[in-house]
$ cat upload35.cif   # mmCIF, C-alpha atoms
data_upload
loop_
_atom_site.label_atom_id
_atom_site.label_comp_id
_atom_site.auth_asym_id
_atom_site.auth_seq_id
_atom_site.Cartn_x
_atom_site.Cartn_y
_atom_site.Cartn_z
CA TYR E 1 99.00 101.03 108.19
CA LEU E 2 99.26 104.19 110.29
CA VAL E 3 103.06 104.15 110.07
CA ALA E 4 102.83 103.54 106.31
CA SER E 5 100.45 106.50 105.99
CA ILE E 6 102.86 108.74 107.86
CA CYS E 7 105.66 107.60 105.53
CA PHE E 8 103.50 108.45 102.49
CA ILE E 9 102.79 111.91 103.87
CA GLN E 10 106.51 112.43 104.45
CA ALA E 11 107.17 111.20 100.90
CA LEU E 12 104.81 113.80 99.45
CA LYS E 13 106.39 116.45 101.62
CA GLY E 14 109.88 115.45 100.48
CA LEU E 15 108.93 115.28 96.82
CA SER E 16 107.69 118.87 96.89
CA ASN E 17 111.30 120.12 97.04
CA PRO E 18 114.09 118.96 94.68
CA LYS E 19 116.65 119.04 97.51
CA MET E 20 114.53 116.64 99.58
CA ALA E 21 113.48 114.34 96.70
CA ARG E 22 115.81 111.48 97.68
CA ARG E 23 114.46 111.48 101.22
CA GLY E 24 110.92 111.67 99.87
CA ASN E 25 111.51 108.66 97.63
CA ALA E 26 113.00 106.74 100.56
CA PHE E 27 109.95 107.48 102.72
CA GLY E 28 107.67 106.36 99.87
CA MET E 29 109.54 103.08 99.45
CA ILE E 30 109.56 102.42 103.21
CA GLY E 31 105.84 103.20 103.46
CA MET E 32 104.94 100.91 100.57
CA THR E 33 107.09 98.10 101.99
CA ILE E 34 105.35 98.42 105.36
CA ALA E 35 101.91 98.49 103.72
CA ALA E 36 102.65 95.46 101.51
CA LEU E 37 104.11 93.38 104.36
CA THR E 38 101.21 94.31 106.63
CA THR E 39 98.72 93.24 103.97
CA VAL E 40 100.48 89.92 103.44
CA ALA E 41 100.62 89.33 107.20
CA LEU E 42 96.88 90.06 107.48
CA ILE E 43 96.11 87.63 104.66
CA PHE E 44 98.14 84.91 106.38
CA GLU E 45 96.44 85.60 109.71
CA LEU E 46 92.93 85.63 108.25
CA ARG E 47 93.55 82.46 106.24
CA LYS E 48 94.99 80.72 109.29
CA LEU E 49 91.80 81.55 111.18
CA SER E 50 89.50 80.55 108.30
CA GLY E 51 91.04 77.20 107.42
CA GLY E 52 93.94 77.91 105.08
CA ASN E 53 92.81 79.07 101.62
CA TYR E 54 95.66 81.19 100.22
CA SER E 55 94.27 81.90 96.72
CA GLY E 56 94.01 85.64 97.49
CA LEU E 57 97.71 85.79 98.27
CA ALA E 58 98.55 84.17 94.94
CA LEU E 59 96.49 86.81 93.12
CA ILE E 60 98.23 89.62 94.99
CA LEU E 61 101.66 88.19 94.19
CA ALA E 62 100.71 87.75 90.52
CA GLY E 63 99.55 91.37 90.42
CA LEU E 64 102.82 92.52 91.98
CA VAL E 65 104.89 90.59 89.46
CA VAL E 66 102.88 91.75 86.42
CA GLY E 67 102.54 95.36 87.61
CA GLY E 68 106.17 95.57 88.70
CA GLY E 69 107.33 94.13 85.38
CA VAL E 70 105.25 96.55 83.33
CA GLY E 71 106.35 99.46 85.54
CA ALA E 72 110.03 98.54 85.27
CA PHE E 73 109.76 98.14 81.48
CA VAL E 74 108.03 101.50 81.03
CA ALA E 75 110.41 103.26 83.43
CA ARG E 76 113.42 102.06 81.44
CA LYS E 77 111.92 103.17 78.11
CA VAL E 78 110.81 106.67 79.14
CA GLU E 79 113.18 109.58 78.71
CA MET E 80 113.67 111.94 81.67
CA THR E 81 112.00 114.78 79.78
CA LYS E 82 108.87 112.62 79.44
CA MET E 83 108.57 111.86 83.17
CA PRO E 84 105.66 114.26 83.78
CA GLU E 85 103.71 112.46 81.06
CA LEU E 86 104.51 109.10 82.63
CA VAL E 87 103.40 110.30 86.05
CA ALA E 88 100.12 111.58 84.58
CA ALA E 89 99.53 108.28 82.78
CA MET E 90 100.24 106.21 85.89
CA HIS E 91 98.11 108.53 88.02
CA SER E 92 95.19 107.98 85.65
CA LEU E 93 95.48 104.24 86.30
CA ILE E 94 95.26 104.88 90.05
CA GLY E 95 92.01 106.78 89.53
CA LEU E 96 90.66 104.00 87.32
CA ALA E 97 91.58 101.41 89.96
CA ALA E 98 89.68 103.39 92.61
CA VAL E 99 86.59 103.44 90.39
CA CYS E 100 86.84 99.70 89.67
CA ILE E 101 87.23 98.82 93.35
CA ALA E 102 84.26 100.97 94.36
CA VAL E 103 82.07 99.50 91.61
CA ALA E 104 83.08 95.97 92.65
CA ALA E 105 82.29 96.75 96.29
CA VAL E 106 78.82 97.99 95.32
CA ALA E 107 78.19 94.99 93.06
CA GLU E 108 79.38 92.38 95.58
CA PRO E 109 79.64 93.91 99.08
CA ALA E 110 79.77 90.52 100.80
CA ALA E 111 83.02 89.68 99.00
CA PHE E 112 84.62 92.71 100.64
CA GLY E 113 83.23 91.88 104.09
CA ILE E 114 81.07 95.00 104.14
CA VAL E 115 77.80 93.13 104.79
CA ALA E 116 76.58 89.54 104.95
CA ALA E 117 75.50 87.91 101.68
CA GLY E 118 72.13 89.22 100.51
CA GLN E 119 72.12 92.25 102.81
CA PRO E 120 71.82 95.80 101.44
CA LEU E 121 74.65 98.31 101.73
CA PRO E 122 74.35 100.64 104.73
CA PRO E 123 73.86 104.34 103.88
CA GLY E 124 77.32 105.29 105.21
CA ASN E 125 79.00 102.77 102.92
CA ARG E 126 76.95 103.99 99.96
CA ILE E 127 78.18 107.54 100.56
CA GLU E 128 81.77 106.37 101.01
CA LEU E 129 81.70 104.32 97.81
CA PHE E 130 80.07 107.16 95.88
CA ILE E 131 82.81 109.54 97.00
CA GLY E 132 85.49 106.97 96.08
CA THR E 133 83.98 106.50 92.62
CA PHE E 134 83.57 110.25 92.12
CA VAL E 135 87.12 111.14 93.18
CA GLY E 136 88.58 108.21 91.21
CA ALA E 137 86.71 109.24 88.06
CA ILE E 138 87.86 112.85 88.40
CA THR E 139 91.43 111.67 89.00
CA PHE E 140 91.27 109.42 85.96
CA SER E 141 89.83 111.99 83.59
CA GLY E 142 92.02 114.85 84.89
CA SER E 143 95.16 112.75 84.58
CA VAL E 144 94.27 111.68 81.03
CA ILE E 145 93.80 115.35 80.12
CA ALA E 146 97.10 116.24 81.82
CA PHE E 147 98.86 113.48 79.88
CA GLY E 148 97.41 114.79 76.64
CA LYS E 149 98.46 118.34 77.36
CA LEU E 150 101.97 117.34 78.45
CA SER E 151 102.47 115.22 75.36
CA GLY E 152 101.15 117.95 73.08
CA LYS E 153 98.15 115.93 71.89
CA TYR E 154 95.50 118.27 73.37
#
$ encode --input "upload35.cif" --output "C-alpha cells"
Amino acid sequence: YLVASICFIQALKGLSNPKMARRGNAFGMIGMTIAALTTVALIFELRKLSGGNYSGLALILAGLVVGGGVGAFVARKVEMTKMPELVAAMHSLIGLAAVCIAVAAVAEPAAFGIVAAGQPLPPGNRIELFIGTFVGAITFSGSVIAFGKLSGKY
C-alpha cells in the first residue's frame, strides 16, 4: 500500500502539468493495480487463515465489473470538452462513498474489525470516522456544485 500511495502522489504531480500527463496517468494506473492486487492477496490470506469463505472477494469482483462497465460506458459517451464535468461528477461519488463507508463503520464497527461485537467505538476511531464523514460530505457537495457550475446549471 505504501508503494501504491507513492504512485498516487506521483500521478497527482504528473497530472498537474500537461507535458507530464501521460506519466501521471501511468503512475495512477500502476498504483491502482498494486492496490487492487494487494487487497485481493490480503483477502485470500485472511480467508485461508479463517477457513475459506471467499464471499467478500466475489463482492469486490462484482463491484469492479459493474463500476468498470459504467465508467467505460460514460467515458466513451462524454465529449472531451465535457471532461471537467465528468471529473466533478465522479469526484462527487468518491465523497459519497467515503461518507457511506464511515457511516457503515459507525453502525457496525465489528464488521470492519474495529472492535469486538457489542463493544463501543474507541474515542480515536470516533474522531477518525467523524473526519472521514465530514471531508467526504464536503467533497460530495463541493463536487456537485462544481459539476453544476461547469455544466452551466448553477
$ closest_residue --input "upload35.cif" --among "E:Val40, E:Cys100, E:Met20, E:Ala117" --to "Leu57 (chain E)" --atoms "all atoms listed in the file"
E:Val40
$ resolve_selection --input "upload35.cif" --expression "the PyMOL selection byres ((chain E and resi 120-123) around 10)" --output "PDB file with C-alpha atoms, keeping the file's coordinate frame"
ATOM      1  CA  ALA E 105      82.290  96.750  96.290  1.00  0.00           C
ATOM      2  CA  VAL E 106      78.820  97.990  95.320  1.00  0.00           C
ATOM      3  CA  ALA E 107      78.190  94.990  93.060  1.00  0.00           C
ATOM      4  CA  GLU E 108      79.380  92.380  95.580  1.00  0.00           C
ATOM      5  CA  PRO E 109      79.640  93.910  99.080  1.00  0.00           C
ATOM      6  CA  ALA E 110      79.770  90.520 100.800  1.00  0.00           C
ATOM      7  CA  ILE E 114      81.070  95.000 104.140  1.00  0.00           C
ATOM      8  CA  VAL E 115      77.800  93.130 104.790  1.00  0.00           C
ATOM      9  CA  ALA E 116      76.580  89.540 104.950  1.00  0.00           C
ATOM     10  CA  ALA E 117      75.500  87.910 101.680  1.00  0.00           C
ATOM     11  CA  GLY E 118      72.130  89.220 100.510  1.00  0.00           C
ATOM     12  CA  GLN E 119      72.120  92.250 102.810  1.00  0.00           C
ATOM     13  CA  GLY E 124      77.320 105.290 105.210  1.00  0.00           C
ATOM     14  CA  ASN E 125      79.000 102.770 102.920  1.00  0.00           C
ATOM     15  CA  ARG E 126      76.950 103.990  99.960  1.00  0.00           C
ATOM     16  CA  ILE E 127      78.180 107.540 100.560  1.00  0.00           C
ATOM     17  CA  GLU E 128      81.770 106.370 101.010  1.00  0.00           C
ATOM     18  CA  LEU E 129      81.700 104.320  97.810  1.00  0.00           C
TER      19      LEU E 129
END
$ closest_residue --input "upload35.cif" --among "E:Ala88, E:Ala146, E:Ala58, E:Leu37" --to "Tyr1 (chain E)" --atoms "all atoms listed in the file"
E:Leu37
$ residues_around --input "upload35.cif" --residues "Gln10 (chain E)" --least-positions-apart "3" --cutoff "8 Å" --atoms "all atoms listed in the file" --output "MDAnalysis selection string"
chainID E and resid 6:7 13:14 24 27:28
$ atom_distance --input "upload35.cif" --atom1 "CA of Lys149 (chain E)" --atom2 "CA of Ala75 (chain E)"
20.2 Å
$ resolve_selection --input "upload35.cif" --expression "the PyMOL selection byres ((chain E and resi 3) around 10)" --output "PyMOL selection string"
chain E and resi 1-2+4-9+30-31+34-35
$ residues_around --input "upload35.cif" --residues "region 139-143 of chain E" --least-positions-apart "5" --cutoff "6 Å" --atoms "all atoms listed in the file" --output "short mmCIF file (atom, residue, chain, number, x, y, z; two decimals) with C-alpha atoms, keeping the file's coordinate frame"
data_model
loop_
_atom_site.label_atom_id
_atom_site.label_comp_id
_atom_site.auth_asym_id
_atom_site.auth_seq_id
_atom_site.Cartn_x
_atom_site.Cartn_y
_atom_site.Cartn_z
CA ALA E 88 100.12 111.58 84.58
CA SER E 92 95.19 107.98 85.65
CA GLY E 95 92.01 106.78 89.53
CA LEU E 96 90.66 104.00 87.32
#
$ atom_distance --input "upload35.cif" --atom1 "CA of Ala11 (chain E)" --atom2 "CA of Val65 (chain E)"
23.7 Å
